[in-house]
>>> print(open('input_13.csv').read())   # CSV, C-alpha atoms
chain,number,residue,atom,x,y,z
A,1,MET,CA,16.1,8.6,-5.1
A,2,THR,CA,17.9,11.9,-5.8
A,3,GLY,CA,16.9,15.5,-5.8
A,4,THR,CA,14.4,16.9,-3.3
A,5,THR,CA,12.8,13.9,-1.6
A,6,SER,CA,10.3,13.1,1.1
A,7,PHE,CA,9.3,9.8,2.8
A,8,ASP,CA,6.3,8.5,4.7
A,9,GLY,CA,5.9,4.9,6.1
A,10,TRP,CA,3.3,3.0,8.0
A,11,ASN,CA,3.8,-0.2,10.0
A,12,ASN,CA,2.1,-1.8,13.0
A,13,LEU,CA,-1.3,-1.0,11.6
A,14,THR,CA,-2.9,-3.1,14.3
A,15,SER,CA,-5.8,-2.7,16.7
A,16,THR,CA,-3.3,-2.6,19.6
A,17,ALA,CA,-1.4,0.3,18.1
A,18,ASN,CA,-4.6,2.0,16.9
A,19,PRO,CA,-7.3,1.7,19.6
A,20,GLY,CA,-10.7,3.1,19.2
A,21,TYR,CA,-11.3,2.0,15.6
A,22,PRO,CA,-14.3,-0.2,14.7
A,23,GLY,CA,-13.9,-4.0,14.8
A,24,PHE,CA,-15.3,-6.7,12.5
A,25,PRO,CA,-16.8,-6.4,10.0
A,26,GLY,CA,-15.3,-2.8,9.8
A,27,SER,CA,-18.3,-0.9,8.6
A,28,GLY,CA,-18.1,1.8,11.3
A,29,ALA,CA,-16.5,5.2,10.7
A,30,TRP,CA,-12.9,5.7,11.6
A,31,PRO,CA,-12.3,8.2,14.4
A,32,SER,CA,-9.5,9.7,12.4
A,33,PRO,CA,-7.0,8.8,9.6
A,34,ILE,CA,-3.8,7.0,10.6
A,35,GLY,CA,-0.7,9.1,10.2
A,36,SER,CA,2.6,7.8,8.9
A,37,ASN,CA,4.5,6.4,11.9
A,38,VAL,CA,7.9,5.1,10.7
A,39,ALA,CA,10.8,7.2,11.9
A,40,GLY,CA,11.6,10.0,9.5
A,41,SER,CA,8.1,10.2,8.0
A,42,GLY,CA,6.3,13.3,7.0
A,43,ASP,CA,2.6,14.0,7.6
A,44,ALA,CA,0.8,11.8,5.1
A,45,ILE,CA,-2.3,9.8,6.2
A,46,VAL,CA,-4.1,6.6,5.4
A,47,SER,CA,-7.9,6.6,5.4
A,48,LYS,CA,-10.8,4.3,4.8
A,49,VAL,CA,-12.6,5.8,1.8
A,50,SER,CA,-15.4,3.4,1.8
A,51,GLY,CA,-16.4,-0.1,2.7
A,52,ASN,CA,-15.4,-2.4,5.6
A,53,ILE,CA,-11.7,-1.8,6.7
A,54,PHE,CA,-10.4,-1.8,10.2
A,55,PRO,CA,-7.2,-2.3,12.2
A,56,SER,CA,-7.2,-6.0,13.3
A,57,SER,CA,-4.7,-7.9,15.4
A,58,THR,CA,-2.3,-8.2,12.5
A,59,GLY,CA,-3.0,-5.2,10.1
A,60,LEU,CA,-5.7,-3.4,8.2
A,61,TYR,CA,-8.4,-6.0,7.5
A,62,PHE,CA,-10.9,-5.8,4.7
A,63,GLY,CA,-13.9,-7.3,6.5
A,64,SER,CA,-17.0,-9.1,5.3
A,65,PHE,CA,-19.4,-11.9,6.2
A,66,THR,CA,-19.1,-13.3,2.7
A,67,ALA,CA,-16.7,-16.0,1.7
A,68,VAL,CA,-16.9,-15.4,-2.1
A,69,PRO,CA,-13.5,-15.0,-3.7
A,70,ASN,CA,-12.6,-11.6,-5.2
A,71,THR,CA,-15.4,-9.6,-3.6
A,72,ASN,CA,-14.8,-5.9,-3.2
A,73,ALA,CA,-14.6,-5.0,0.6
A,74,GLY,CA,-13.7,-1.3,0.4
A,75,THR,CA,-11.3,1.4,-0.7
A,76,LEU,CA,-8.2,2.5,1.2
A,77,GLY,CA,-6.6,5.8,0.4
A,78,VAL,CA,-3.2,7.4,1.1
A,79,THR,CA,-3.1,11.2,1.0
A,80,ASP,CA,-0.2,13.6,1.2
A,81,SER,CA,-0.6,17.4,1.1
A,82,THR,CA,3.1,18.1,1.7
A,83,ILE,CA,4.5,17.9,-1.7
A,84,VAL,CA,8.2,18.4,-2.6
A,85,SER,CA,9.0,21.3,-4.9
A,86,GLY,CA,9.0,20.3,-8.5
A,87,LEU,CA,7.5,16.8,-7.9
A,88,LYS,CA,8.3,14.5,-10.8
A,89,THR,CA,8.3,10.9,-9.3
A,90,VAL,CA,6.2,9.1,-6.8
A,91,VAL,CA,6.9,5.6,-5.5
A,92,PHE,CA,4.4,3.6,-3.5
A,93,GLN,CA,4.9,0.3,-1.8
A,94,VAL,CA,2.3,-1.8,-0.1
A,95,GLU,CA,2.5,-5.1,1.7
A,96,THR,CA,-0.7,-7.2,1.3
A,97,GLY,CA,-2.0,-10.5,2.6
A,98,GLU,CA,-4.0,-12.4,0.1
A,99,SER,CA,-7.5,-13.9,0.7
A,100,MET,CA,-8.4,-16.9,-1.5
A,101,GLY,CA,-5.8,-16.0,-4.0
A,102,TYR,CA,-6.5,-12.3,-4.3
A,103,ASP,CA,-5.4,-9.0,-2.7
A,104,PHE,CA,-6.5,-6.2,-5.0
A,105,TYR,CA,-10.1,-6.4,-6.2
A,106,ASN,CA,-10.2,-7.7,-9.8
A,107,GLY,CA,-6.4,-7.4,-9.8
A,108,VAL,CA,-6.5,-3.6,-10.3
A,109,LEU,CA,-3.4,-2.0,-8.9
A,110,PRO,CA,-3.4,1.3,-6.9
A,111,THR,CA,-4.0,4.5,-8.9
A,112,LEU,CA,-2.9,8.1,-8.2
A,113,SER,CA,-4.9,11.3,-8.4
A,114,TYR,CA,-3.7,14.8,-7.6
A,115,ASN,CA,-4.9,18.2,-6.5
A,116,GLY,CA,-8.2,16.7,-5.3
A,117,GLY,CA,-9.1,15.4,-8.7
A,118,SER,CA,-10.2,11.9,-9.9
A,119,GLN,CA,-7.5,11.3,-12.5
A,120,ALA,CA,-6.8,7.7,-11.3
A,121,LEU,CA,-3.5,7.5,-13.1
A,122,ALA,CA,-2.1,4.0,-13.6
A,123,ALA,CA,1.5,3.5,-12.5
A,124,THR,CA,4.3,4.0,-15.1
A,125,PHE,CA,6.1,1.1,-13.6
A,126,SER,CA,4.9,-1.6,-11.2
A,127,ASP,CA,6.1,-5.0,-9.9
A,128,LYS,CA,5.5,-7.6,-7.3
A,129,LEU,CA,8.8,-7.5,-5.6
A,130,VAL,CA,8.3,-10.3,-3.0
A,131,GLN,CA,5.8,-13.1,-2.8
A,132,ALA,CA,6.2,-14.9,0.6
A,133,PRO,CA,4.2,-18.1,1.3
A,134,ASN,CA,1.5,-17.7,3.9
A,135,GLY,CA,-0.3,-21.0,4.1
A,136,THR,CA,-3.0,-22.4,1.8
A,137,PHE,CA,-6.8,-22.1,1.2
A,138,ASP,CA,-9.3,-24.7,0.1
A,139,SER,CA,-10.5,-24.5,-3.5
A,140,PRO,CA,-12.6,-26.8,-5.8
A,141,VAL,CA,-9.4,-28.4,-7.1
A,142,GLY,CA,-7.7,-28.8,-3.7
A,143,PRO,CA,-5.5,-26.7,-1.4
A,144,GLN,CA,-4.0,-23.6,-3.1
A,145,PRO,CA,-1.2,-21.4,-1.9
A,146,LEU,CA,-1.7,-18.0,-0.1
A,147,TYR,CA,1.0,-15.3,-0.2
A,148,VAL,CA,2.0,-12.1,1.5
A,149,ASN,CA,3.0,-9.8,-1.4
A,150,LEU,CA,5.2,-6.7,-1.6
A,151,TRP,CA,4.0,-4.5,-4.4
A,152,ALA,CA,5.9,-1.4,-5.7
A,153,LEU,CA,4.5,1.2,-8.1
A,154,GLN,CA,6.1,4.3,-9.6
A,155,TRP,CA,4.5,7.3,-11.3
A,156,ASP,CA,6.3,9.7,-13.7
A,157,LEU,CA,4.5,13.0,-13.2
A,158,SER,CA,7.0,15.1,-15.1
A,159,SER,CA,4.6,15.9,-17.9
A,160,ILE,CA,2.0,17.5,-15.6
A,161,VAL,CA,2.1,21.3,-16.1
A,162,ASP,CA,0.0,22.4,-13.2
A,163,PRO,CA,1.7,22.6,-9.8
A,164,ILE,CA,0.9,19.5,-7.7
A,165,THR,CA,-0.2,20.5,-4.2
A,166,SER,CA,-1.6,17.2,-3.0
A,167,LEU,CA,-1.8,13.6,-4.1
A,168,ASN,CA,-3.9,10.6,-3.3
A,169,ILE,CA,-3.2,6.9,-4.0
A,170,SER,CA,-6.2,4.5,-3.6
A,171,PHE,CA,-7.1,0.9,-4.2
A,172,ASN,CA,-9.8,-1.6,-3.5
A,173,GLY,CA,-9.1,-4.7,-1.4
A,174,VAL,CA,-10.9,-8.0,-1.5
A,175,THR,CA,-12.8,-9.4,1.5
A,176,HIS,CA,-10.5,-10.9,4.2
A,177,SER,CA,-7.4,-9.5,2.6
A,178,GLN,CA,-5.0,-7.4,4.7
A,179,VAL,CA,-2.5,-4.6,4.5
A,180,PHE,CA,0.5,-4.9,6.8
A,181,GLY,CA,2.6,-1.9,5.7
A,182,LEU,CA,2.8,1.1,3.3
A,183,GLN,CA,5.5,3.4,2.1
A,184,LEU,CA,5.3,6.6,0.0
A,185,ASP,CA,8.3,8.4,-1.5
A,186,GLN,CA,8.4,11.6,-3.5
A,187,SER,CA,11.3,13.0,-5.6
A,188,SER,CA,11.9,16.1,-7.8
A,189,THR,CA,13.9,13.9,-10.2
A,190,ALA,CA,12.4,12.2,-13.2
A,191,TYR,CA,13.4,8.6,-14.0
A,192,SER,CA,13.2,6.7,-17.3
A,193,SER,CA,13.1,3.4,-15.5
A,194,ALA,CA,11.9,1.9,-12.2
A,195,VAL,CA,13.9,2.9,-9.2
A,196,PHE,CA,12.9,-0.1,-7.1
A,197,ALA,CA,14.8,-3.4,-7.2
A,198,ALA,CA,13.7,-6.7,-5.8
A,199,PRO,CA,15.3,-7.3,-2.3
A,200,VAL,CA,16.6,-10.6,-1.0
A,201,PRO,CA,13.6,-12.0,1.0
A,202,GLU,CA,13.8,-13.6,4.4
A,203,PRO,CA,13.3,-17.4,4.7
A,204,ALA,CA,10.3,-18.5,2.7
A,205,SER,CA,8.6,-19.7,5.9
A,206,MET,CA,8.0,-16.2,7.1
A,207,ALA,CA,4.4,-15.2,7.5
A,208,ALA,CA,4.8,-11.5,6.8
A,209,LEU,CA,7.4,-9.1,5.6
A,210,SER,CA,6.5,-6.5,8.2
A,211,LEU,CA,8.1,-3.6,6.3
A,212,GLY,CA,11.6,-5.1,6.5
A,213,ALA,CA,11.7,-5.5,2.7
A,214,LEU,CA,10.3,-2.0,2.2
A,215,ALA,CA,13.1,-0.5,4.4
A,216,LEU,CA,15.6,-2.5,2.4
A,217,ILE,CA,14.4,-1.2,-0.9
A,218,ARG,CA,14.6,2.4,0.5
A,219,ARG,CA,18.2,1.8,1.5
A,220,LYS,CA,19.0,0.5,-1.9
A,221,ARG,CA,17.5,3.6,-3.6
A,222,ARG,CA,19.5,5.8,-1.3
A,223,ASN,CA,22.7,4.1,-2.4
A,224,LYS,CA,22.0,4.5,-6.1
>>> encode(input="input_13.csv", output="structure tokens")
Amino acid sequence: MTGTTSFDGWNNLTSTANPGYPGFPGSGAWPSPIGSNVAGSGDAIVSKVSGNIFPSSTGLYFGSFTAVPNTNAGTLGVTDSTIVSGLKTVVFQVETGESMGYDFYNGVLPTLSYNGGSQALAATFSDKLVQAPNGTFDSPVGPQPLYVNLWALQWDLSSIVDPITSLNISFNGVTHSQVFGLQLDQSSTAYSSAVFAAPVPEPASMAALSLGALALIRRKRRNK
């Protein structure tokens, strides 16, 4: 992206890299938010807003004792209070691991609010950029595929008159789904189309994208 930009990325959202957080089922309070940790990041944070979410051995896990598909396990939020001057575009990428065919509760994609409000704006553009096979699950009609998904969402905020001083992106995950990586980009430039483009995925046998695809998309945007 062009103009004044900022970047925050999260990977290695595991219990090993983040000791001291509650374990399964994840109902305990987090000792602190998890700050962005990819090189070049700013100071945005990811927090458990509600429900059962915790760093597991592979990523942020939406815990529960239930095995009912598409059950809401909790809300995860990404907050940034360091906003570029003249913010017009926000791009958010999230790498999810499905559970029983679902990742976001009821299929509702992340929404954006700003300045501490509850606007819950839907993305202007959104796409599932990568869908990598990750085994199967049993269903009444037989085994069904599971996927690790890379979602990208983009908000055009150019019509907002009030200065934006903070933003929050939140979403609800289903029980036993996971989040492996996150990326948040800001720009002072407005775009009439999506800035993200589908990357070439690794071999289909991979179990997780591990932010490699997110980094690739970021490089592609820099080259535009």
>>> residues_around(input="input_13.csv", residues="Phe7 in chain A", least_positions_apart="4", cutoff="10 Å", atoms="only C-alpha atoms", output="PyMOL selection string")
chain A and resi 36+38-44+91+183-187+218
>>> residues_around(input="input_13.csv", residues="Thr124 in chain A", least_positions_apart="6", cutoff="10 Å", atoms="only C-alpha atoms", output="list in words")
Thr89, Val90, Leu153, Gln154, Trp155, Asp156, Leu157, Ser192, Ser193 and Ala194 of chain A
>>> closest_residue(input="input_13.csv", among="A:Ala17, A:Ala120, A:Val179, A:Ile53", to="Trp151 in chain A", atoms="all atoms listed in the file")
A:Val179
>>> closest_residue(input="input_13.csv", among="A:Thr75, A:Thr165, A:Asn115, A:Thr96", to="Ser177 in chain A", atoms="only C-alpha atoms")
A:Thr96
>>> atom_distance(input="input_13.csv", atom1="CA of Ile83 in chain A", atom2="CA of Lys128 in chain A")
26.1 Å
>>> closest_residue(input="input_13.csv", among="A:Ala29, A:Leu109, A:Leu87, A:Met100", to="Pro140 in chain A", atoms="all atoms listed in the file")
A:Met100
>>> closest_residue(input="input_13.csv", among="A:Val195, A:Leu76, A:Ala132, A:Ile169", to="Phe62 in chain A", atoms="all atoms listed in the file")
A:Leu76
